[in-house]
>>> print(open('upload29.cif').read())   # mmCIF, C-alpha atoms
data_upload
loop_
_atom_site.group_PDB
_atom_site.id
_atom_site.type_symbol
_atom_site.label_atom_id
_atom_site.label_comp_id
_atom_site.auth_asym_id
_atom_site.auth_seq_id
_atom_site.Cartn_x
_atom_site.Cartn_y
_atom_site.Cartn_z
ATOM 1 C CA MET A 101 130.543 144.536 230.705
ATOM 2 C CA PRO A 102 133.855 142.594 230.550
ATOM 3 C CA ALA A 103 136.692 144.414 228.855
ATOM 4 C CA ALA A 104 137.086 141.570 226.360
ATOM 5 C CA VAL A 105 133.534 141.997 225.113
ATOM 6 C CA VAL A 106 133.947 145.792 224.864
ATOM 7 C CA SER A 107 137.146 145.263 222.888
ATOM 8 C CA VAL A 108 135.511 142.783 220.523
ATOM 9 C CA GLU A 109 132.540 145.081 219.961
ATOM 10 C CA LYS A 110 134.834 148.023 219.208
ATOM 11 C CA VAL A 111 136.820 145.988 216.717
ATOM 12 C CA ARG A 112 133.607 144.750 215.081
ATOM 13 C CA ASP A 113 132.150 148.262 214.882
ATOM 14 C CA SER A 114 135.321 149.494 213.240
ATOM 15 C CA LEU A 115 134.785 147.176 210.287
ATOM 16 C CA PRO A 116 132.690 147.957 207.221
ATOM 17 C CA ALA A 117 129.196 146.448 207.484
ATOM 18 C CA TYR A 118 129.875 143.912 204.716
ATOM 19 C CA LYS A 119 132.775 142.397 206.736
ATOM 20 C CA ARG A 120 130.948 141.980 210.034
ATOM 21 C CA ASP A 121 129.422 138.578 209.210
ATOM 22 C CA GLU A 122 132.876 137.343 208.228
ATOM 23 C CA PHE A 123 134.230 138.767 211.469
ATOM 24 C CA ASP A 124 131.519 136.969 213.484
ATOM 25 C CA GLN A 125 132.455 133.688 211.830
ATOM 26 C CA ALA A 126 136.115 134.331 212.542
ATOM 27 C CA LEU A 127 135.302 135.076 216.170
ATOM 28 C CA THR A 128 133.497 131.729 216.482
ATOM 29 C CA ILE A 129 136.412 129.817 214.945
ATOM 30 C CA ILE A 130 138.930 131.470 217.276
ATOM 31 C CA ALA A 131 136.717 131.005 220.317
ATOM 32 C CA MET A 132 136.253 127.298 219.571
ATOM 33 C CA SER A 133 140.005 126.912 219.112
ATOM 34 C CA SER A 134 140.497 128.379 222.579
ATOM 35 C CA PHE A 135 138.491 125.559 224.161
ATOM 36 C CA SER A 136 141.553 123.310 224.226
ATOM 37 C CA GLY A 137 142.347 124.559 227.729
ATOM 38 C CA ILE A 138 138.859 123.846 229.096
ATOM 39 C CA ASP A 139 138.145 120.690 231.088
ATOM 40 C CA LEU A 140 135.428 119.221 228.894
ATOM 41 C CA LEU A 141 134.544 116.602 231.498
ATOM 42 C CA ASN A 142 133.683 119.372 233.970
ATOM 43 C CA ALA A 143 132.624 122.083 231.591
ATOM 44 C CA GLN A 144 130.362 124.854 232.882
ATOM 45 C CA ARG A 145 127.771 126.648 230.800
ATOM 46 C CA MET A 146 129.414 129.639 229.090
ATOM 47 C CA ASN A 147 127.669 132.786 227.920
ATOM 48 C CA ALA A 148 128.707 134.970 225.008
ATOM 49 C CA ALA A 149 130.839 137.177 227.238
ATOM 50 C CA GLU A 150 132.774 134.214 228.627
ATOM 51 C CA ILE A 151 133.301 132.788 225.141
ATOM 52 C CA ALA A 152 134.665 136.128 223.952
ATOM 53 C CA GLU A 153 136.896 136.374 227.010
ATOM 54 C CA SER A 154 138.255 132.860 226.493
ATOM 55 C CA ALA A 155 139.203 133.775 222.920
ATOM 56 C CA ASN A 156 140.610 137.194 223.798
ATOM 57 C CA ALA A 157 144.161 135.908 224.218
ATOM 58 C CA TYR A 158 144.141 134.930 220.545
ATOM 59 C CA MET A 159 142.852 138.326 219.442
ATOM 60 C CA HIS A 160 144.604 140.777 221.765
ATOM 61 C CA GLY A 161 145.959 143.730 219.818
ATOM 62 C CA LEU A 162 144.652 142.534 216.445
ATOM 63 C CA THR A 163 142.601 144.518 214.016
ATOM 64 C CA GLY A 164 139.379 143.155 212.551
ATOM 65 C CA ASP A 165 141.095 142.152 209.312
ATOM 66 C CA GLU A 166 143.890 140.452 211.252
ATOM 67 C CA ILE A 167 141.344 138.504 213.307
ATOM 68 C CA ILE A 168 139.666 137.325 210.100
ATOM 69 C CA GLU A 169 143.061 136.353 208.671
ATOM 70 C CA ARG A 170 144.029 134.488 211.842
ATOM 71 C CA ALA A 171 140.739 132.568 211.875
ATOM 72 C CA ASP A 172 141.231 131.654 208.218
ATOM 73 C CA LYS A 173 144.716 130.361 209.013
ATOM 74 C CA MET A 174 143.403 128.337 211.973
ATOM 75 C CA LEU A 175 140.695 126.833 209.771
ATOM 76 C CA ARG A 176 143.142 125.958 207.003
ATOM 77 C CA GLU A 177 145.546 124.348 209.503
ATOM 78 C CA ARG A 178 142.736 122.341 211.084
ATOM 79 C CA ARG A 179 141.537 121.155 207.690
ATOM 80 C CA ALA A 180 145.096 120.205 206.750
ATOM 81 C CA ARG A 181 145.436 118.136 209.937
ATOM 82 C CA GLU A 182 142.090 116.445 209.320
ATOM 83 C CA ARG A 183 143.085 115.738 205.725
ATOM 84 C CA GLU A 184 146.419 114.261 206.772
ATOM 85 C CA GLN A 185 144.722 112.052 209.363
ATOM 86 C CA ALA A 186 142.158 110.936 206.773
ATOM 87 C CA LEU A 187 144.900 110.081 204.267
ATOM 88 C CA GLN A 188 146.798 108.103 206.895
ATOM 89 C CA THR A 189 143.636 106.159 207.702
ATOM 90 C CA LEU A 190 143.028 105.585 203.987
ATOM 91 C CA ASP A 191 146.571 104.275 203.549
ATOM 92 C CA ARG A 192 146.255 101.988 206.590
ATOM 93 C CA LEU A 193 142.932 100.510 205.445
ATOM 94 C CA GLU A 194 144.107 100.005 201.854
ATOM 95 C CA THR A 195 147.256 98.270 203.100
ATOM 96 C CA LYS A 196 145.197 96.023 205.376
ATOM 97 C CA GLN A 197 142.796 95.196 202.557
ATOM 98 C CA ALA A 198 145.640 94.420 200.136
ATOM 99 C CA ARG A 199 147.314 92.092 202.637
ATOM 100 C CA ALA A 200 144.041 90.281 203.306
ATOM 101 C CA GLU A 201 143.361 89.835 199.573
ATOM 102 C CA HIS A 202 146.913 88.599 198.973
ATOM 103 C CA ASP A 203 146.661 86.091 201.801
ATOM 104 C CA GLN A 204 143.255 84.856 200.621
ATOM 105 C CA GLN A 205 144.716 84.231 197.172
ATOM 106 C CA GLN A 206 147.698 82.378 198.612
ATOM 107 C CA ARG A 207 145.541 80.315 200.979
ATOM 108 C CA ALA A 208 143.279 79.341 198.069
ATOM 109 C CA ARG A 209 146.273 77.641 196.438
ATOM 110 C CA VAL A 210 146.009 74.972 199.115
ATOM 111 C CA SER A 211 142.830 73.269 197.932
ATOM 112 C CA ILE A 212 140.550 70.544 199.217
ATOM 113 C CA GLU A 213 140.084 68.192 196.244
ATOM 114 C CA SER A 214 137.558 65.902 197.919
ATOM 115 C CA ALA A 215 136.037 65.234 201.323
ATOM 116 C CA ASP A 216 133.754 62.350 202.282
ATOM 117 C CA TYR A 217 132.213 61.194 205.536
ATOM 118 C CA TYR A 218 131.097 57.658 206.297
ATOM 119 C CA ILE A 219 130.818 55.133 209.088
ATOM 120 C CA SER A 220 133.281 52.266 209.125
ATOM 121 C CA THR A 221 133.411 49.140 211.257
ATOM 122 C CA SER A 222 136.509 48.596 213.370
ATOM 123 C CA PRO A 223 138.184 45.155 213.682
ATOM 124 C CA TYR A 224 136.371 44.860 217.018
ATOM 125 C CA GLY A 225 132.960 45.460 215.440
ATOM 126 C CA ALA A 226 132.530 49.023 216.703
ATOM 127 C CA PHE A 227 131.214 51.749 214.409
ATOM 128 C CA GLU A 228 133.855 54.377 213.662
ATOM 129 C CA PRO A 229 133.331 57.732 211.920
ATOM 130 C CA VAL A 230 135.766 58.430 209.075
ATOM 131 C CA ILE A 231 136.575 61.534 207.019
ATOM 132 C CA ASP A 232 138.423 60.833 203.773
ATOM 133 C CA LEU A 233 140.257 63.990 202.736
ATOM 134 C CA GLN A 234 142.350 64.819 199.667
ATOM 135 C CA VAL A 235 144.362 68.049 199.595
ATOM 136 C CA THR A 236 146.681 69.627 197.028
ATOM 137 C CA ASN A 237 149.360 72.108 198.075
ATOM 138 C CA GLY A 238 149.662 74.482 195.132
ATOM 139 C CA SER A 239 151.570 77.079 197.149
ATOM 140 C CA ASP A 240 155.311 77.568 197.470
ATOM 141 C CA GLN A 241 155.316 76.772 201.209
ATOM 142 C CA GLU A 242 155.389 73.440 203.001
ATOM 143 C CA VAL A 243 152.198 72.881 204.977
ATOM 144 C CA SER A 244 152.199 71.091 208.331
ATOM 145 C CA GLU A 245 148.765 71.700 209.827
ATOM 146 C CA LEU A 246 145.266 72.428 208.522
ATOM 147 C CA PHE A 247 142.454 74.160 210.400
ATOM 148 C CA LEU A 248 139.152 72.957 208.963
ATOM 149 C CA HIS A 249 135.489 73.737 209.450
ATOM 150 C CA GLY A 250 133.187 70.814 208.794
ATOM 151 C CA VAL A 251 129.431 70.878 208.243
ATOM 152 C CA LEU A 252 127.576 67.572 207.920
ATOM 153 C CA THR A 253 124.047 67.781 206.513
ATOM 154 C CA SER A 254 121.401 65.434 205.161
ATOM 155 C CA PRO A 255 118.449 66.012 202.799
ATOM 156 C CA GLY A 256 115.258 67.206 204.460
ATOM 157 C CA ARG A 257 116.975 68.218 207.699
ATOM 158 C CA GLU A 258 117.535 71.928 208.270
ATOM 159 C CA THR A 259 119.905 71.591 211.235
ATOM 160 C CA PRO A 260 123.369 70.165 210.455
ATOM 161 C CA TRP A 261 124.346 66.981 212.223
ATOM 162 C CA VAL A 262 127.792 68.439 212.753
ATOM 163 C CA ASP A 263 129.003 72.042 212.562
ATOM 164 C CA GLU A 264 132.440 72.435 214.113
ATOM 165 C CA THR A 265 136.053 73.428 213.580
ATOM 166 C CA PHE A 266 138.956 71.004 213.980
ATOM 167 C CA TYR A 267 142.579 70.704 212.955
ATOM 168 C CA TYR A 268 144.711 68.047 211.321
ATOM 169 C CA VAL A 269 148.477 67.691 211.765
ATOM 170 C CA ILE A 270 150.124 66.368 208.602
ATOM 171 C CA ALA A 271 152.790 63.834 209.469
ATOM 172 C CA GLY A 272 155.902 64.791 207.510
ATOM 173 C CA GLY A 273 154.162 67.845 206.059
ATOM 174 C CA LEU A 274 152.762 68.479 202.584
ATOM 175 C CA ALA A 275 155.381 69.813 200.186
ATOM 176 C CA PRO A 276 154.706 72.409 197.458
ATOM 177 C CA GLY A 277 153.029 70.786 194.455
ATOM 178 C CA GLU A 278 152.162 67.645 196.401
ATOM 179 C CA THR A 279 148.725 66.006 196.675
ATOM 180 C CA ALA A 280 147.904 63.657 199.530
ATOM 181 C CA GLN A 281 144.912 61.758 200.820
ATOM 182 C CA TRP A 282 144.208 60.897 204.431
ATOM 183 C CA SER A 283 141.553 59.083 206.423
ATOM 184 C CA LEU A 284 140.784 61.048 209.562
ATOM 185 C CA ALA A 285 139.202 59.380 212.568
ATOM 186 C CA PRO A 286 137.028 61.821 214.544
ATOM 187 C CA ASN A 287 136.136 60.953 218.111
ATOM 188 C CA ARG A 288 133.296 58.418 217.883
ATOM 189 C CA PHE A 289 131.957 59.680 221.196
ATOM 190 C CA GLY A 290 131.625 63.211 219.803
ATOM 191 C CA PRO A 291 129.125 64.646 217.299
ATOM 192 C CA TRP A 292 130.747 62.840 214.370
ATOM 193 C CA GLY A 293 129.950 59.501 216.020
ATOM 194 C CA ASN A 294 126.226 60.168 216.495
ATOM 195 C CA ASP A 295 124.543 56.851 215.580
ATOM 196 C CA GLN A 296 121.485 58.756 214.334
ATOM 197 C CA ILE A 297 123.391 60.224 211.394
ATOM 198 C CA PRO A 298 121.981 58.698 208.171
ATOM 199 C CA ARG A 299 124.088 57.324 205.364
ATOM 200 C CA ASP A 300 123.037 59.956 202.803
ATOM 201 C CA THR A 301 124.876 62.837 204.455
ATOM 202 C CA GLN A 302 126.898 65.498 202.677
ATOM 203 C CA LEU A 303 130.157 66.815 204.101
ATOM 204 C CA THR A 304 131.305 70.371 203.387
ATOM 205 C CA LEU A 305 134.840 71.205 204.514
ATOM 206 C CA THR A 306 136.256 74.720 204.503
ATOM 207 C CA LEU A 307 139.929 75.478 204.974
ATOM 208 C CA GLN A 308 140.174 78.231 207.594
ATOM 209 C CA GLY A 309 143.856 78.252 208.484
ATOM 210 C CA ILE A 310 147.228 76.810 207.556
ATOM 211 C CA ASN A 311 150.507 76.418 209.455
ATOM 212 C CA ASN A 312 153.929 76.099 207.860
ATOM 213 C CA ALA A 313 156.658 73.565 208.632
ATOM 214 C CA GLN A 314 157.623 75.532 211.767
ATOM 215 C CA GLY A 315 154.048 75.531 213.041
ATOM 216 C CA GLU A 316 153.594 79.239 212.288
ATOM 217 C CA PRO A 317 150.391 80.575 210.692
ATOM 218 C CA LEU A 318 150.475 81.238 206.963
ATOM 219 C CA TRP A 319 148.449 83.881 205.108
ATOM 220 C CA ASN A 320 146.248 84.841 208.038
ATOM 221 C CA SER A 321 145.906 88.612 207.608
ATOM 222 C CA PRO A 322 142.397 89.604 208.770
ATOM 223 C CA SER A 323 139.821 91.044 206.407
ATOM 224 C CA LEU A 324 138.325 94.482 206.916
ATOM 225 C CA SER A 325 135.323 94.709 209.206
ATOM 226 C CA GLU A 326 132.028 96.080 207.871
ATOM 227 C CA ASN A 327 132.764 99.426 209.541
ATOM 228 C CA GLU A 328 136.250 99.518 208.021
ATOM 229 C CA VAL A 329 134.868 98.738 204.556
ATOM 230 C CA ALA A 330 132.363 101.584 204.862
ATOM 231 C CA LYS A 331 135.101 103.934 206.103
ATOM 232 C CA LEU A 332 137.416 102.944 203.255
ATOM 233 C CA GLU A 333 134.717 103.526 200.632
ATOM 234 C CA ALA A 334 133.943 106.960 202.075
ATOM 235 C CA LEU A 335 137.620 107.945 202.144
ATOM 236 C CA ARG A 336 138.186 106.714 198.594
ATOM 237 C CA ALA A 337 135.217 108.749 197.411
ATOM 238 C CA GLU A 338 136.661 111.878 199.014
ATOM 239 C CA TYR A 339 140.400 111.350 198.514
ATOM 240 C CA GLY A 340 140.589 108.914 195.612
ATOM 241 C CA GLY A 341 143.820 109.272 193.668
ATOM 242 C CA VAL A 342 145.660 111.122 196.456
ATOM 243 C CA ASN A 343 148.851 109.482 197.669
ATOM 244 C CA ALA A 344 148.970 109.624 201.473
ATOM 245 C CA HIS A 345 152.783 109.513 201.436
ATOM 246 C CA THR A 346 153.228 112.516 199.141
ATOM 247 C CA ALA A 347 150.221 114.693 199.990
ATOM 248 C CA ASN A 348 150.927 117.951 201.788
#
>>> encode(input="upload29.cif", output="structure tokens")
Amino acid sequence: MPAAVVSVEKVRDSLPAYKRDEFDQALTIIAMSSFSGIDLLNAQRMNAAEIAESANAYMHGLTGDEIIERADKMLRERRAREREQALQTLDRLETKQARAEHDQQQRARVSIESADYYISTSPYGAFEPVIDLQVTNGSDQEVSELFLHGVLTSPGRETPWVDETFYYVIAGGLAPGETAQWSLAPNRFGPWGNDQIPRDTQLTLTLQGINNAQGEPLWNSPSLSENEVAKLEALRAEYGGVNAHTAN
């Protein structure tokens, strides 16, 4: 029998009976902590003797009570690390959520007042699709470009005639507090120019992105994913009210 196992058995036998279960738990904690040096990608099956031997370096020369104390310290340190990591994740997700909510609020200040689609006739007699669009810039930033998602539907038809994203560059920009109206001319050879589109269509436009006067995106912080939302809720339930920056 390996010397490590003999040593462990002697230490265990030296303890009062009521402490032996606690000692066994401590032995497991220490043994698992010793796995850090094992190549987990090429791990071999280990028996109880090998597990005890792998943990022996942590227990050499210790009494049973000292082994229990060391295991308790290891467990407390591991839990502290896990707690710190959880609090850092909580802080990161809450910061991301706050930025996304702030940006959504700011983006909502640039509002689409009206949007209409119709077919016009050009001076040459050709049919031309037109989108009349009125926008108010209620933000404190000049706006130079809008990224829009348009859906064109008609009563009794489940599939939209048009469902696509496009952008519009505002000549001269749209200053804070300003309202402007434009007539956009989509490509008549694209989906907007489909001659089968009836006259009783309804256009729904959604503002998906905004660029400032320098052409840089405004208020585009991403929202949390479903997995991140679930993770955040779980962390709040466990660590709610704990400040990640001051927790020890």
>>> closest_atom_pairs(input="upload29.cif", of="region 172-249 of chain A", to="region 271-288 of chain A", cutoff="7 Å", atoms="all atoms listed in the file", output="CSV")
residue,atom,partner,partner_atom,distance
A:Glu228,CA,A:Arg288,CA,5.9
A:Pro229,CA,A:Arg288,CA,6.0
A:Val230,CA,A:Ala285,CA,5.0
A:Ile231,CA,A:Leu284,CA,4.9
A:Asp232,CA,A:Ser283,CA,4.5
A:Leu233,CA,A:Trp282,CA,5.3
A:Gln234,CA,A:Gln281,CA,4.2
A:Val235,CA,A:Thr279,CA,5.6
A:Thr236,CA,A:Thr279,CA,4.2
A:Asn237,CA,A:Gly277,CA,5.3
A:Gly238,CA,A:Gly277,CA,5.0
A:Ser239,CA,A:Pro276,CA,5.6
A:Asp240,CA,A:Pro276,CA,5.2
A:Gln241,CA,A:Pro276,CA,5.8
A:Glu242,CA,A:Ala275,CA,4.6
A:Val243,CA,A:Leu274,CA,5.0
A:Ser244,CA,A:Gly273,CA,4.4
>>> resolve_selection(input="upload29.cif", expression="the PyMOL selection byres ((chain A and resi 292-307) around 7)", output="MDAnalysis selection string")
chainID A and resid 215:217 228:229 247:254 261:262 286:291 308:309
>>> closest_residue(input="upload29.cif", among="A:Arg178, A:Ser323, A:Ser133, A:Pro116", to="Arg199 (chain A)", atoms="all atoms listed in the file")
A:Ser323
>>> atom_distance(input="upload29.cif", atom1="CA of Ala334 (chain A)", atom2="CA of Ala200 (chain A)")
19.5 Å
>>> atom_distance(input="upload29.cif", atom1="CA of Glu166 (chain A)", atom2="CA of Arg183 (chain A)")
25.3 Å
>>> atom_distance(input="upload29.cif", atom1="CA of Asp203 (chain A)", atom2="CA of Pro322 (chain A)")
8.9 Å
>>> closest_residue(input="upload29.cif", among="A:Ala208, A:Ala186, A:Met159, A:Ala337", to="Ser107 (chain A)", atoms="only C-alpha atoms")
A:Met159
>>> residues_around(input="upload29.cif", residues="Glu245 (chain A)", least_positions_apart="6", cutoff="10 Å", atoms="only C-alpha atoms", output="PDB file with C-alpha atoms, keeping the file's coordinate frame")
ATOM      1  CA  TYR A 267     142.579  70.704 212.955  1.00  0.00           C
ATOM      2  CA  TYR A 268     144.711  68.047 211.321  1.00  0.00           C
ATOM      3  CA  VAL A 269     148.477  67.691 211.765  1.00  0.00           C
ATOM      4  CA  ILE A 270     150.124  66.368 208.602  1.00  0.00           C
ATOM      5  CA  ALA A 271     152.790  63.834 209.469  1.00  0.00           C
ATOM      6  CA  GLY A 273     154.162  67.845 206.059  1.00  0.00           C
ATOM      7  CA  LEU A 274     152.762  68.479 202.584  1.00  0.00           C
ATOM      8  CA  GLY A 309     143.856  78.252 208.484  1.00  0.00           C
ATOM      9  CA  ILE A 310     147.228  76.810 207.556  1.00  0.00           C
ATOM     10  CA  ASN A 311     150.507  76.418 209.455  1.00  0.00           C
ATOM     11  CA  ASN A 312     153.929  76.099 207.860  1.00  0.00           C
ATOM     12  CA  ALA A 313     156.658  73.565 208.632  1.00  0.00           C
ATOM     13  CA  GLN A 314     157.623  75.532 211.767  1.00  0.00           C
ATOM     14  CA  GLY A 315     154.048  75.531 213.041  1.00  0.00           C
ATOM     15  CA  GLU A 316     153.594  79.239 212.288  1.00  0.00           C
ATOM     16  CA  PRO A 317     150.391  80.575 210.692  1.00  0.00           C
TER      17      PRO A 317
END
